[in-house]
Structures are given as structure tokens and as C-alpha cells.
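A.B. asks: File run-v3.cif follows (mmCIF, C-alpha atoms and all ligand atoms):
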data_input
loop_
_atom_site.label_atom_id
_atom_site.label_comp_id
_atom_site.auth_asym_id
_atom_site.auth_seq_id
_atom_site.Cartn_x
_atom_site.Cartn_y
_atom_site.Cartn_z
CA MET Z 227 1.69 -9.67 24.43
CA SER Z 228 -0.19 -9.10 21.22
CA PHE Z 229 -1.26 -5.55 20.50
CA LEU Z 230 -4.16 -5.20 18.06
CA LYS Z 231 -5.20 -8.57 16.75
CA ILE Z 232 -7.79 -9.51 14.17
CA ALA Z 233 -8.44 -13.24 14.04
CA SER Z 234 -10.52 -14.95 11.32
CA ALA Z 235 -12.82 -11.96 10.93
CA HIS Z 236 -15.84 -12.36 8.66
CA LYS Z 237 -18.28 -9.66 7.67
CA ALA Z 238 -20.98 -9.97 5.05
CA TYR Z 239 -23.41 -7.30 3.86
CA LYS Z 240 -26.81 -8.07 2.36
CA THR Z 241 -27.40 -6.59 -1.06
CA PRO Z 242 -30.79 -5.12 -2.00
CA GLU Z 243 -31.10 -7.98 -4.52
CA GLY Z 244 -30.98 -10.48 -1.65
CA GLY Z 245 -27.39 -11.60 -2.19
CA LEU Z 246 -24.44 -11.42 0.18
CA ILE Z 247 -21.18 -9.51 -0.19
CA HIS Z 248 -18.32 -10.95 1.79
CA ALA Z 249 -16.55 -7.70 2.63
CA LEU Z 250 -14.23 -9.49 5.08
CA ASP Z 251 -13.54 -13.11 4.30
CA ASP Z 252 -11.43 -14.71 7.00
CA VAL Z 253 -9.14 -11.78 7.75
CA SER Z 254 -6.36 -12.37 10.26
CA LEU Z 255 -3.92 -9.60 11.03
CA ASP Z 256 -1.59 -8.75 13.88
CA VAL Z 257 -0.87 -5.05 14.20
CA ARG Z 258 2.25 -4.32 16.25
CA ASN Z 259 2.64 -1.62 18.83
CA ASN Z 260 4.10 1.58 17.32
CA GLU Z 261 4.02 0.45 13.74
CA PHE Z 262 2.76 2.14 10.60
CA LEU Z 263 0.65 -0.54 8.99
CA THR Z 264 -1.08 0.08 5.68
CA LEU Z 265 -4.10 -1.70 4.25
CA LEU Z 266 -3.60 -1.55 0.50
CA GLY Z 267 -6.11 -2.83 -2.02
CA PRO Z 268 -8.44 -1.94 -4.88
CA SER Z 269 -11.79 -0.23 -4.46
CA GLY Z 270 -14.35 -2.45 -2.77
CA CYS Z 271 -11.86 -4.95 -1.33
CA GLY Z 272 -12.94 -4.35 2.27
CA LYS Z 273 -10.46 -1.78 3.63
CA THR Z 274 -13.00 0.64 5.09
CA THR Z 275 -15.06 -2.26 6.43
CA LEU Z 276 -12.05 -3.58 8.33
CA LEU Z 277 -11.30 -0.12 9.71
CA LYS Z 278 -14.92 0.32 10.82
CA CYS Z 279 -14.89 -3.05 12.54
CA ILE Z 280 -11.68 -2.17 14.39
CA ALA Z 281 -13.08 1.24 15.34
CA GLY Z 282 -16.32 -0.30 16.57
CA PHE Z 283 -18.66 1.37 14.07
CA GLU Z 284 -19.51 -2.06 12.63
CA ASP Z 285 -19.55 -5.54 14.17
CA ILE Z 286 -17.93 -8.56 12.63
CA ASP Z 287 -20.16 -11.61 12.04
CA SER Z 288 -17.59 -14.05 13.37
CA GLY Z 289 -13.97 -14.12 14.44
CA GLU Z 290 -12.40 -11.86 17.02
CA ILE Z 291 -10.82 -8.45 17.35
CA SER Z 292 -8.79 -7.90 20.48
CA PHE Z 293 -6.58 -5.17 21.91
CA GLU Z 294 -3.79 -6.10 24.31
CA GLU Z 295 -5.35 -9.54 24.62
CA GLN Z 296 -8.79 -8.19 25.61
CA SER Z 297 -11.67 -8.96 23.27
CA LEU Z 298 -13.38 -5.84 21.93
CA LYS Z 299 -16.67 -7.64 21.41
CA GLY Z 300 -19.48 -5.45 22.67
CA VAL Z 301 -17.11 -2.54 23.46
CA PRO Z 302 -18.65 0.61 21.92
CA ALA Z 303 -16.55 2.80 19.64
CA HIS Z 304 -16.10 5.62 22.17
CA ARG Z 305 -14.70 3.17 24.74
CA ARG Z 306 -12.02 1.86 22.41
CA PRO Z 307 -8.60 3.54 22.69
CA PHE Z 308 -8.70 4.32 18.98
CA ASN Z 309 -9.51 7.32 16.85
CA THR Z 310 -10.40 7.58 13.19
CA VAL Z 311 -9.43 10.15 10.58
CA PHE Z 312 -11.79 9.92 7.63
CA GLN Z 313 -11.25 10.91 4.03
CA SER Z 314 -13.87 13.63 4.31
CA TYR Z 315 -12.55 15.32 7.39
CA ALA Z 316 -15.40 17.88 7.74
CA LEU Z 317 -14.15 20.53 10.15
CA PHE Z 318 -16.75 22.66 11.92
CA PRO Z 319 -16.76 25.76 9.68
CA HIS Z 320 -17.94 28.18 12.38
CA LEU Z 321 -15.37 27.11 14.99
CA SER Z 322 -11.79 28.35 15.14
CA ILE Z 323 -8.99 25.89 14.40
CA ALA Z 324 -8.18 25.67 18.12
CA ASN Z 325 -11.81 24.90 18.96
CA ASN Z 326 -12.02 22.33 16.19
CA VAL Z 327 -8.98 20.59 17.63
CA GLY Z 328 -10.17 20.94 21.21
CA TYR Z 329 -13.70 19.73 20.48
CA GLY Z 330 -13.12 16.13 21.59
CA LEU Z 331 -11.50 17.30 24.81
CA ASP Z 332 -14.41 19.65 25.57
CA VAL Z 333 -16.85 16.79 25.12
CA THR Z 334 -14.94 14.62 27.59
CA GLY Z 335 -14.70 17.50 30.08
CA VAL Z 336 -10.93 18.02 30.22
CA ALA Z 337 -10.02 21.07 32.37
CA LYS Z 338 -9.46 24.29 30.42
CA GLY Z 339 -5.75 24.75 31.17
CA GLU Z 340 -4.92 21.18 30.24
CA ARG Z 341 -7.16 21.40 27.19
CA ASN Z 342 -5.45 24.51 25.83
CA LYS Z 343 -2.03 23.05 26.41
CA ARG Z 344 -2.89 19.88 24.54
CA VAL Z 345 -4.45 21.81 21.66
CA GLU Z 346 -1.26 23.87 21.35
CA GLU Z 347 0.86 20.73 21.37
CA ALA Z 348 -1.29 19.01 18.77
CA LEU Z 349 -1.18 22.05 16.44
CA GLU Z 350 2.56 22.22 16.88
CA LEU Z 351 2.89 18.54 16.01
CA VAL Z 352 1.16 19.02 12.67
CA GLY Z 353 3.11 22.19 11.88
CA LEU Z 354 0.25 24.62 12.54
CA ALA Z 355 1.42 26.40 15.68
CA GLY Z 356 -0.03 29.90 15.66
CA PHE Z 357 -2.99 29.00 13.42
CA GLY Z 358 -5.38 28.38 16.34
CA SER Z 359 -7.48 31.50 15.93
CA ARG Z 360 -8.08 31.11 12.19
CA GLU Z 361 -11.21 29.65 10.69
CA PRO Z 362 -11.13 26.52 8.53
CA LYS Z 363 -11.92 28.47 5.35
CA GLN Z 364 -8.73 30.48 5.85
CA LEU Z 365 -6.60 27.34 5.45
CA SER Z 366 -5.51 25.36 2.39
CA GLY Z 367 -6.76 21.82 1.80
CA GLY Z 368 -3.54 20.33 3.13
CA GLN Z 369 -3.64 22.51 6.23
CA GLN Z 370 -7.26 21.52 6.86
CA GLN Z 371 -6.26 17.89 6.60
CA ARG Z 372 -3.61 18.52 9.23
CA VAL Z 373 -6.22 20.07 11.52
CA ALA Z 374 -8.26 16.89 11.15
CA LEU Z 375 -5.17 14.95 12.15
CA ALA Z 376 -4.50 17.22 15.14
CA ARG Z 377 -8.13 16.77 16.21
CA SER Z 378 -7.49 13.03 16.50
CA LEU Z 379 -3.97 13.21 17.93
CA VAL Z 380 -5.06 15.53 20.74
CA LEU Z 381 -7.12 12.65 22.16
CA LYS Z 382 -3.94 10.54 22.45
CA PRO Z 383 -5.38 7.34 21.01
CA ARG Z 384 -3.32 4.16 21.21
CA VAL Z 385 -4.18 3.46 17.59
CA LEU Z 386 -5.03 5.98 14.90
CA LEU Z 387 -7.13 4.64 12.05
CA LEU Z 388 -6.75 6.66 8.87
CA ASP Z 389 -9.06 6.04 5.90
CA GLU Z 390 -7.49 7.51 2.74
CA PRO Z 391 -6.77 10.80 4.51
CA LEU Z 392 -4.66 12.20 1.69
CA SER Z 393 -6.82 11.37 -1.29
CA ALA Z 394 -8.33 14.86 -1.58
CA LEU Z 395 -4.93 16.52 -1.91
CA ASP Z 396 -3.04 17.25 -5.11
CA ARG Z 397 0.03 15.21 -5.94
CA LYS Z 398 2.74 17.50 -4.56
CA MET Z 399 0.87 18.20 -1.35
CA ARG Z 400 0.18 14.53 -1.00
CA GLU Z 401 3.83 13.61 -1.31
CA ASN Z 402 4.77 16.20 1.31
CA MET Z 403 2.08 14.99 3.66
CA GLN Z 404 3.24 11.39 3.23
CA ILE Z 405 6.65 12.30 4.60
CA GLU Z 406 5.19 14.48 7.33
CA LEU Z 407 2.74 11.85 8.44
CA LYS Z 408 5.43 9.20 8.59
CA ASN Z 409 7.70 11.47 10.66
CA LEU Z 410 4.80 12.39 12.90
CA GLN Z 411 3.97 8.75 13.53
CA HIS Z 412 7.56 8.14 14.59
CA SER Z 413 7.66 11.09 16.93
CA VAL Z 414 4.33 10.48 18.68
CA GLY Z 415 4.75 6.70 18.85
CA ILE Z 416 1.09 6.05 18.12
CA THR Z 417 0.26 2.98 16.03
CA PHE Z 418 -1.17 3.94 12.64
CA VAL Z 419 -3.46 1.74 10.58
CA PHE Z 420 -3.58 3.60 7.30
CA VAL Z 421 -5.83 2.81 4.34
CA THR Z 422 -4.96 3.58 0.75
CA HIS Z 423 -5.45 2.17 -2.73
CA ASP Z 424 -2.29 3.95 -3.89
CA GLN Z 425 0.62 1.53 -3.98
CA GLU Z 426 3.32 4.21 -4.11
CA GLU Z 427 1.87 5.82 -1.03
CA ALA Z 428 1.84 2.46 0.74
CA LEU Z 429 5.44 1.69 -0.24
CA ALA Z 430 6.65 5.13 0.82
CA MET Z 431 5.06 5.28 4.24
CA SER Z 432 4.61 1.87 5.78
CA ASP Z 433 6.55 -0.32 8.14
CA ARG Z 434 4.39 -3.16 6.85
CA ILE Z 435 1.72 -3.45 4.19
CA ALA Z 436 -1.27 -5.78 4.18
CA VAL Z 437 -2.34 -6.21 0.56
CA VAL Z 438 -6.08 -6.90 0.55
CA ALA Z 439 -8.25 -8.21 -2.29
CA ASN Z 440 -11.76 -9.67 -2.22
CA GLY Z 441 -11.97 -9.38 1.55
CA LYS Z 442 -8.80 -11.42 2.10
CA VAL Z 443 -5.28 -10.48 3.12
CA GLN Z 444 -3.10 -11.56 0.20
CA GLN Z 445 0.24 -10.76 1.81
CA LEU Z 446 1.46 -9.00 4.95
CA ALA Z 447 5.08 -7.91 4.82
CA ALA Z 448 7.53 -5.00 4.74
CA PRO Z 449 7.39 -2.84 1.57
CA THR Z 450 10.62 -4.21 0.08
CA GLU Z 451 9.45 -7.77 0.58
CA ILE Z 452 6.05 -7.02 -0.97
CA TYR Z 453 7.82 -5.55 -4.00
CA ASP Z 454 10.70 -8.03 -4.34
CA GLU Z 455 8.86 -11.16 -3.32
CA PRO Z 456 5.16 -10.82 -4.07
CA ALA Z 457 3.28 -13.81 -2.67
CA ASN Z 458 1.01 -14.27 -5.66
CA GLU Z 459 0.09 -12.89 -9.05
CA PHE Z 460 -2.39 -10.43 -7.61
CA VAL Z 461 0.25 -8.77 -5.42
CA ALA Z 462 2.82 -8.86 -8.25
CA ASN Z 463 0.43 -6.98 -10.52
CA PHE Z 464 -1.11 -4.63 -7.97
CA VAL Z 465 2.13 -3.38 -6.44
CA GLY Z 466 4.34 -2.03 -9.19
CA THR Z 467 4.41 -3.37 -12.73
CA SER Z 468 5.24 -7.00 -13.35
CA ASN Z 469 6.13 -9.04 -16.38
CA ILE Z 470 4.94 -12.54 -15.67
CA PHE Z 471 5.92 -15.62 -17.67
CA SER Z 472 4.42 -19.04 -16.97
CA GLY Z 473 6.69 -22.01 -17.27
CA LYS Z 474 8.03 -25.30 -16.00
CA VAL Z 475 11.37 -25.95 -14.37
CA VAL Z 476 13.27 -28.32 -16.67
CA ALA Z 477 16.71 -28.29 -15.07
CA LYS Z 478 18.31 -27.37 -11.79
CA ASP Z 479 21.96 -26.68 -11.12
CA GLY Z 480 22.49 -25.63 -7.53
CA ALA Z 481 20.06 -22.74 -7.10
CA LEU Z 482 20.05 -21.94 -10.82
CA LEU Z 483 16.88 -23.11 -12.54
CA THR Z 484 16.19 -23.42 -16.22
CA ILE Z 485 12.56 -22.71 -17.03
CA GLU Z 486 10.78 -23.50 -20.23
CA THR Z 487 8.15 -20.89 -20.95
CA ALA Z 488 5.29 -20.99 -23.39
CA ASN Z 489 6.22 -17.89 -25.33
CA GLN Z 490 9.98 -18.13 -25.10
CA ARG Z 491 12.78 -20.56 -25.22
CA GLN Z 492 14.41 -21.41 -21.93
CA VAL Z 493 15.07 -18.73 -19.38
CA LEU Z 494 16.96 -18.76 -16.09
CA ALA Z 495 16.12 -17.89 -12.49
CA THR Z 496 17.64 -18.57 -9.12
CA SER Z 497 15.55 -20.03 -6.33
CA ASP Z 498 15.97 -22.65 -3.65
CA ARG Z 499 12.23 -23.10 -3.26
CA PHE Z 500 11.55 -24.85 -6.55
CA GLY Z 501 12.86 -27.92 -8.34
CA ARG Z 502 12.57 -29.85 -11.58
CA GLY Z 503 9.04 -30.38 -12.80
CA ASP Z 504 7.52 -27.48 -10.82
CA HIS Z 505 5.16 -25.16 -12.63
CA VAL Z 506 6.03 -21.57 -11.83
CA GLU Z 507 5.25 -17.97 -12.68
CA LEU Z 508 8.39 -15.98 -13.32
CA VAL Z 509 8.02 -12.34 -12.21
CA LEU Z 510 10.34 -9.74 -13.71
CA ARG Z 511 10.13 -6.06 -12.82
CA PRO Z 512 10.48 -3.61 -15.74
CA GLU Z 513 13.68 -2.12 -14.31
CA HIS Z 514 15.36 -5.55 -14.30
CA LEU Z 515 14.93 -6.12 -18.01
CA LYS Z 516 17.76 -4.68 -20.07
CA LEU Z 517 18.29 -4.31 -23.75
CA ALA Z 518 21.00 -6.74 -24.82
CA PRO Z 519 23.78 -5.26 -26.92
CA SER Z 520 23.56 -6.26 -30.55
CA GLY Z 521 26.10 -8.65 -32.02
CA ASN Z 522 28.31 -10.82 -29.87
CA GLY Z 523 28.27 -11.01 -26.13
CA ILE Z 524 24.55 -11.68 -25.77
CA PRO Z 525 23.94 -12.96 -22.25
CA GLU Z 526 22.62 -16.44 -21.70
CA SER Z 527 19.18 -15.71 -20.35
CA CYS Z 528 17.34 -13.52 -22.75
CA ILE Z 529 13.92 -12.98 -24.20
CA ASP Z 530 13.29 -12.13 -27.85
CA GLY Z 531 10.82 -9.46 -28.72
CA THR Z 532 9.67 -6.70 -31.00
CA VAL Z 533 9.16 -3.14 -29.80
CA GLU Z 534 5.50 -2.08 -29.99
CA ALA Z 535 5.87 1.37 -28.50
CA SER Z 536 8.39 3.50 -26.72
CA VAL Z 537 7.17 6.09 -24.25
CA PHE Z 538 9.38 8.79 -22.76
CA VAL Z 539 8.35 9.66 -19.19
CA GLY Z 540 11.25 11.85 -18.08
CA SER Z 541 13.38 9.71 -15.83
CA ASP Z 542 12.90 6.58 -17.95
CA LEU Z 543 12.07 5.38 -21.39
CA HIS Z 544 9.29 2.79 -21.20
CA LEU Z 545 9.39 0.15 -23.90
CA HIS Z 546 6.42 -2.05 -24.66
CA VAL Z 547 7.84 -5.18 -26.19
CA ASP Z 548 5.85 -7.94 -27.86
CA VAL Z 549 7.38 -11.14 -26.50
CA GLY Z 550 5.17 -13.60 -28.35
CA LYS Z 551 1.89 -15.40 -27.68
CA GLY Z 552 0.08 -12.09 -27.32
CA ARG Z 553 2.10 -10.95 -24.31
CA THR Z 554 3.71 -7.58 -23.89
CA ALA Z 555 6.68 -7.00 -21.61
CA ILE Z 556 7.32 -3.58 -20.13
CA VAL Z 557 10.94 -2.47 -19.93
CA HIS Z 558 12.10 0.61 -18.01
CA HIS Z 559 15.24 1.93 -19.55
CA ARG Z 560 16.94 4.69 -17.56
CA HIS Z 561 17.15 7.96 -19.46
CA ASN Z 562 20.36 9.95 -19.23
CA ARG Z 563 20.39 13.64 -20.02
CA GLY Z 564 21.33 14.22 -23.64
CA ASP Z 565 20.52 10.68 -24.84
CA ASP Z 566 18.29 11.56 -27.71
CA GLY Z 567 19.11 8.88 -30.21
CA GLU Z 568 17.69 6.35 -27.80
CA ARG Z 569 14.09 6.33 -28.79
CA ILE Z 570 13.62 2.93 -30.22
CA GLU Z 571 11.17 2.73 -33.06
CA ALA Z 572 8.20 0.39 -33.13
CA GLY Z 573 8.99 -2.73 -35.11
CA THR Z 574 12.62 -2.99 -33.95
CA SER Z 575 13.67 -6.51 -32.89
CA VAL Z 576 15.30 -6.58 -29.49
CA LYS Z 577 16.73 -9.05 -27.04
CA LEU Z 578 15.96 -8.51 -23.39
CA TYR Z 579 18.10 -9.93 -20.66
CA TYR Z 580 18.13 -9.92 -16.89
CA SER Z 581 20.16 -11.29 -14.05
CA PRO Z 582 18.68 -14.64 -12.91
CA ASN Z 583 18.86 -13.26 -9.35
CA ALA Z 584 16.39 -10.53 -10.28
CA ALA Z 585 13.69 -13.02 -11.22
CA HIS Z 586 11.14 -13.89 -8.55
CA LEU Z 587 9.26 -17.18 -8.78
CA ILE Z 588 5.72 -17.85 -7.64
CA LYS Z 589 4.11 -21.27 -7.52
CA ALA Z 590 1.67 -21.54 -10.42
CA ILE Z 591 -1.89 -21.73 -9.11
CA GLY Z 592 -3.62 -25.08 -9.59
CA ARG Z 593 -0.47 -26.91 -10.66
N1 LIG Z 601 -23.31 -0.80 4.35
C1 LIG Z 601 -23.08 -1.61 3.32
N2 LIG Z 601 -24.07 -2.34 2.76
C2 LIG Z 601 -23.86 -3.19 1.73
N3 LIG Z 601 -22.66 -3.38 1.16
C3 LIG Z 601 -21.62 -2.69 1.66
C4 LIG Z 601 -21.77 -1.77 2.75
N4 LIG Z 601 -20.56 -1.22 3.02
C5 LIG Z 601 -19.70 -1.78 2.14
N5 LIG Z 601 -20.33 -2.67 1.32
C6 LIG Z 601 -19.69 -3.48 0.28
O1 LIG Z 601 -18.63 -4.21 0.88
C7 LIG Z 601 -17.51 -4.25 0.03
C8 LIG Z 601 -16.31 -3.64 0.72
O2 LIG Z 601 -16.53 -2.25 0.90
P1 LIG Z 601 -15.46 -1.27 1.56
O3 LIG Z 601 -16.12 0.04 1.73
O4 LIG Z 601 -14.90 -1.92 2.76
O5 LIG Z 601 -14.36 -1.21 0.41
P2 LIG Z 601 -13.02 -0.34 0.31
O6 LIG Z 601 -11.91 -1.32 0.17
O7 LIG Z 601 -12.95 0.62 1.43
O8 LIG Z 601 -13.20 0.42 -1.08
P3 LIG Z 601 -12.80 1.94 -1.52
O9 LIG Z 601 -11.34 1.91 -1.87
O10 LIG Z 601 -13.66 2.17 -2.73
O11 LIG Z 601 -13.12 2.87 -0.39
C9 LIG Z 601 -17.92 -3.53 -1.25
O12 LIG Z 601 -18.33 -4.49 -2.19
C10 LIG Z 601 -19.06 -2.65 -0.81
O13 LIG Z 601 -19.96 -2.42 -1.87
MG MG Z 602 -13.00 2.72 1.56
#
Could the structure of this file be written out as C-alpha cells, please?

C.D. replies:
Amino acid sequence: MSFLKIASAHKAYKTPEGGLIHALDDVSLDVRNNEFLTLLGPSGCGKTTLLKCIAGFEDIDSGEISFEEQSLKGVPAHRRPFNTVFQSYALFPHLSIANNVGYGLDVTGVAKGERNKRVEEALELVGLAGFGSREPKQLSGGQQQRVALARSLVLKPRVLLLDEPLSALDRKMRENMQIELKNLQHSVGITFVFVTHDQEEALAMSDRIAVVANGKVQQLAAPTEIYDEPANEFVANFVGTSNIFSGKVVAKDGALLTIETANQRQVLATSDRFGRGDHVELVLRPEHLKLAPSGNGIPESCIDGTVEASVFVGSDLHLHVDVGKGRTAIVHHRHNRGDDGERIEAGTSVKLYYSPNAAHLIKAIGR
């Protein structure tokens, strides 16, 4: 039985100028029971719109949203077994933490004993046991965010919709909350649909990620698959850093392909999905490009370039390498403690190589 299903959803907004914005443009998505699914995409791509349509705060123009095979058309938000945690979590400032968390239960008339027990449980879940009698202003930003979470969890929704709930927190707090939220999701067994435009956050937390751009789902897959096998150039560039070379397969030997690129001589890649004559985009992650040793022993598949800049970021040295035809490749070179002669000056000629297995190929669009 399908759990939460969005099928061919369309949603357009009218602009004041009389135009139309297609916030959702044929979105289909199956959310599985108990999973942590993230909607990842740039600002304005339709993430909040999709969440609002699932929650029932907005209607789709066409298509269908169903839960456990029942259409949600016409079902008002408060009748859906979902709850939403918004970015601006606005706690009631004059109510205690316990009363903030219990608010939804009071509204639905849950008996006092049961209500207090559930509030306690919810506060415990988010690591705030014993904070019930405080006021919101006596908590840190991260703690307040957890109260907002407890306020939703206490209602025991089947699906929790979270719209950028961590974006107001500083980096350290955010990283802690990412782990906590993920653990929490596992322990309560509630399905999470989580919205973010932060790719690291999405990779760290999700069972699956739906990458969204221009109102369309570009790829829906597990984080490692999104990173290792991006479906198209948008995903390759939005999730992590990619070096992309366009080319044509000129020879094939088993799974080993030789590709002629515009800015380079021939390079190699392995793939069983492409053959001679295919136009492809070769995607190489910065950590897969290595500096070839000078002199003899230069590996077969390498790319010539000239260093434009070298940037030390702590764990890595990032090299920006001009690889011809106006393109720059980014190389992440691991930094080891004490390596100080490593900073490579601008203007140095280098050869970059990679294992053909590390290259990912995408079909070139329009070819
Ligand atoms: N009520 C509305 N009226 C008109 N246009 C809207 C309305 N709500 C959203 N839009 C437009 O629809 C598109 C999608 O908006 P949405 O809020 O879903 O984006 P988002 O992915 O959540 O972006 P962000 O990361 O900035 O929150 C945008 O172009 C936005 O301007
Ligand atoms: Mg939004």
C-alpha cells in the first residue's frame, strides 16, 4: 500500500503583473512510511508550496495527493494526520514551555492526566525534560526550536512536515540538531518530510532526497546515489562541487570508454550505459582529481592544467586549475599536518589524473 503519494501535481500562482508562476510543475513523489525524506532545492523552486499542498494549506490545481490510498482532495488541514514545523516557530511568549507543548492537546480536549503525560514524554524526546515550567525567553534558540518540535510531536502525526526548521540556528547548533533530529525520527517512527536548501544538511540527515528545481523533481534517490550518480547537470552542480567536461565517446573497450573532450585530449571513464558516438558530460568530483607525480609514471587518463589559485581550508587544499577553453577545475587535495611546502603557486603547470571508475557520465542534453 502506498503511504503518502503525490501524483502529477501542478500549482500555479498569478503574479501581480498578470503572469503565471508554475511553483509545482508535474511533481510526482512517493513518500515511504517511516522515512526521512528531504526536499532539497534553491530558493523559489517550490519546496514550501509542495509542503503547504501536502499539509492542506494550499490546493493543487491538478494531479492528486493521497495518504494510504485515500485522496486528500477537499480534506481540510486539521483533518489530515500531518503536522507542520515552520521556520519561524513562534512560541507563545506568555505561556510556559509545558503549556506551549500542550496547546494542541488542550484545543482538541484531551483529558488533563493524559495531556500532562504526553507533554512530559514529548519534552523528554527532544531532550528538555524538566524545562516545562520555564518561559520561552529563558531558553536558547536551539532549545526553543526543540520546543516547537515537541509541540508537533505531542500530537502524534503520521507525517511531520518540516520547513527549514534549523535555518535560524548557528552552524554548530545546527549540526547538533541535525543529528538529534535524525535520531529522534528513528526513535519515534514518524515519517519526516524535511525542507532545506542546504545540501550538506540534506546529505547528512536523509534516507532519500528529492532534488527540486523550477517546480520539478530532478532526482529522487538515497544521498550516496545523488552524490555519486547525479541524474543531470543541475543535480551534479547543486549537490557538492562538480567538474564537468563535455565530450564524445570515441572508443569502447569492455566498460572502459575513451572520451574526446573539447578542452582536453582524450580521457577515460567506465560505464556500461554509453557507447561509441554518444555525447556525454563527464562529472568528476574535486576529491577524485589527483595531482600526477612529475616525471615518469604519469597515469594514462590525465588532464593538463595551470594552477590559478590555491586555497587552504584546513582539512584540504583547494586548487583552482585552468584546464583550457575558459574552464576551471576544482581539486581537493587532502592536507596532512605539517605539510607546509605544499601550497602550489599560481602559474604552476600540473597534470590531474583520476581513476576512470570515479568518473560519472550523464547523457548530454539535446544530443
Ligand atoms: N502566494 C503566492 N503568490 C504568488 N507567488 C507565490 C506565492 N507563494 C509562492 N510563490 C512563488 O512560487 C514559487 C515557489 O515558491 P516557494 O515558496 O514554494 O519556494 P521555496 O522553494 O520554498 O523557496 P525558499 O527556499 O526561498 O523558501 C516562487 O517563485 C514564489 O515566488
Ligand atoms: Mg520555502

A.B. asks: Find the residues near ligand LIG 601 (chain Z). Use a cut-off of 10 Å, count all atoms listed in the file, and write them as number ranges by chain.

C.D. replies: Z: 237-242, 245-250, 265-279, 284, 313, 389-390, 421-424, 438-441

A.B. asks: When you look at Tyr453 in chain Z with a cut-off of 10 Å (counting all atoms listed in the file), what residues show up, excluding the ones that are within fewer than 6 positions of it in the same chain? I need them as an NGL selection string.

C.D. replies: :Z and (429 or 447 or 461-468 or 511)

A.B. asks: Could you tell me how far CA of Phe460 in chain Z lies from CA of Arg258 in chain Z, in Å and to one decimal?

C.D. replies: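 So the two atoms, CA of Phe460 in chain Z and CA of Arg258 in chain Z, lie 25.1 Å apart.
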
A.B. asks: Using only C-alpha atoms for the distances, tell me which of Z:Arg400, Z:Arg560, Z:Arg341, Z:Lys577 is nearest to Gly367 in chain Z.

C.D. replies: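 For Gly367 in chain Z, the nearest of the given residues is Z:Arg400.
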
A.B. asks: Every residue with an atom at most 7 Å from (-2.4, -5.5, 22.6) (file coordinates; all atoms listed in the file) is what I'm after, so could you write them as a list of chain:residue names?

C.D. replies: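 Those within range, by chain then number, are Z:Met227, Z:Ser228, Z:Phe229, Z:Leu230, Z:Phe293, Z:Glu294, Z:Glu295.
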
A.B. asks: Take CA of Ile291 in chain Z and CA of Pro307 in chain Z and report the distance between them in Å, one decimal.

C.D. replies: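 Between CA of Ile291 in chain Z and CA of Pro307 in chain Z the gap is 13.3 Å.
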
A.B. asks: So which residues touch Ser322 in chain Z within 8 Å, counting all atoms listed in the file, skipping near sequence neighbours fewer than 6 positions away, as a list in words?

C.D. replies: Gly358, Ser359, Arg360, Glu361 and Pro362 of chain Z

A.B. asks: Taking all atoms listed in the file into account, which of Z:Asp256, Z:Val301, Z:Leu578, Z:Phe420 comes nearest ligand MG 602 (chain Z)?

C.D. replies: Z:Phe420

A.B. asks: What's the separation between CA of Val380 in chain Z and CA of Ser366 in chain Z, in Å to one decimal place?

C.D. replies: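 These two atoms are separated by 20.8 Å.
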
A.B. asks: I'd like to know which of Z:Ile323, Z:Ala430, Z:Ala436, Z:Val576 is closest to Lys516 in chain Z, using all atoms listed in the file.

C.D. replies: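 Closest residue, counting all atoms listed in the file: Z:Val576.
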
A.B. asks: Could you check the closest approach to Gly503 in chain Z for each of Z:Ala590, Z:Ser536, Z:His544, Z:Val443 and tell me which residue wins, using all atoms listed in the file?

C.D. replies: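 Ranked by minimum distance to Gly503 in chain Z, first place goes to Z:Ala590.
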
A.B. asks: For Phe262 in chain Z, which residue out of Z:Ile556, Z:Val537, Z:Val311, Z:Ala428 is the nearest one, using only C-alpha atoms?

C.D. replies: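 Among the listed residues, the smallest separation from Phe262 in chain Z belongs to Z:Ala428.
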
A.B. asks: Which residues are near Lys299 in chain Z? Cut-off 9 Å, all atoms listed in the file, ignore same chain within fewer than 3 positions. Put them as an MDAnalysis selection string.

C.D. replies: chainID Z and resid 282 285:286 290:292 296 302

A.B. asks: When distances are computed from all atoms listed in the file, which of Z:His304, Z:Lys478, Z:Lys363, Z:Arg397 shows the smallest separation from His320 in chain Z?

C.D. replies: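 Looking at the shortest contact to His320 in chain Z, the residue is Z:Lys363.
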
A.B. asks: Excluding Leu545 in chain Z and residues on its chain fewer than 5 positions from it, collect all residues at most 10 Å away from it, counting only C-alpha atoms, and give them as a PDB file with C-alpha atoms, keeping the file's coordinate frame.

C.D. replies:
ATOM      1  CA  PRO Z 512      10.480  -3.610 -15.740  1.00  0.00           C
ATOM      2  CA  LEU Z 517      18.290  -4.310 -23.750  1.00  0.00           C
ATOM      3  CA  THR Z 532       9.670  -6.700 -31.000  1.00  0.00           C
ATOM      4  CA  VAL Z 533       9.160  -3.140 -29.800  1.00  0.00           C
ATOM      5  CA  GLU Z 534       5.500  -2.080 -29.990  1.00  0.00           C
ATOM      6  CA  ALA Z 535       5.870   1.370 -28.500  1.00  0.00           C
ATOM      7  CA  SER Z 536       8.390   3.500 -26.720  1.00  0.00           C
ATOM      8  CA  VAL Z 537       7.170   6.090 -24.250  1.00  0.00           C
ATOM      9  CA  PHE Z 538       9.380   8.790 -22.760  1.00  0.00           C
ATOM     10  CA  THR Z 554       3.710  -7.580 -23.890  1.00  0.00           C
ATOM     11  CA  ALA Z 555       6.680  -7.000 -21.610  1.00  0.00           C
ATOM     12  CA  ILE Z 556       7.320  -3.580 -20.130  1.00  0.00           C
ATOM     13  CA  VAL Z 557      10.940  -2.470 -19.930  1.00  0.00           C
ATOM     14  CA  HIS Z 558      12.100   0.610 -18.010  1.00  0.00           C
ATOM     15  CA  HIS Z 559      15.240   1.930 -19.550  1.00  0.00           C
ATOM     16  CA  ARG Z 569      14.090   6.330 -28.790  1.00  0.00           C
ATOM     17  CA  ILE Z 570      13.620   2.930 -30.220  1.00  0.00           C
ATOM     18  CA  GLU Z 571      11.170   2.730 -33.060  1.00  0.00           C
ATOM     19  CA  ALA Z 572       8.200   0.390 -33.130  1.00  0.00           C
TER      20      ALA Z 572
END

A.B. asks: Need the neighbours of (-2.2, 11.9, 21.1): which residues are at most 9 Å away, counting only C-alpha atoms, as a CSV table (one decimal) with C-alpha atoms, in the coordinates of the input?

C.D. replies:
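File produced: selection.csv:
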chain,number,residue,atom,x,y,z
Z,344,ARG,CA,-2.9,19.9,24.5
Z,348,ALA,CA,-1.3,19.0,18.8
Z,376,ALA,CA,-4.5,17.2,15.1
Z,378,SER,CA,-7.5,13.0,16.5
Z,379,LEU,CA,-4.0,13.2,17.9
Z,380,VAL,CA,-5.1,15.5,20.7
Z,381,LEU,CA,-7.1,12.6,22.2
Z,382,LYS,CA,-3.9,10.5,22.4
Z,383,PRO,CA,-5.4,7.3,21.0
Z,384,ARG,CA,-3.3,4.2,21.2
Z,414,VAL,CA,4.3,10.5,18.7
Z,415,GLY,CA,4.8,6.7,18.8
Z,416,ILE,CA,1.1,6.0,18.1

A.B. asks: Excluding same-chain residues fewer than 2 positions from Glu486 in chain Z, what lies within 12 Å of it counting all atoms listed in the file, as a PyMOL selection string?

C.D. replies: chain Z and resi 471-478+483-484+488-495+502-508+527+529
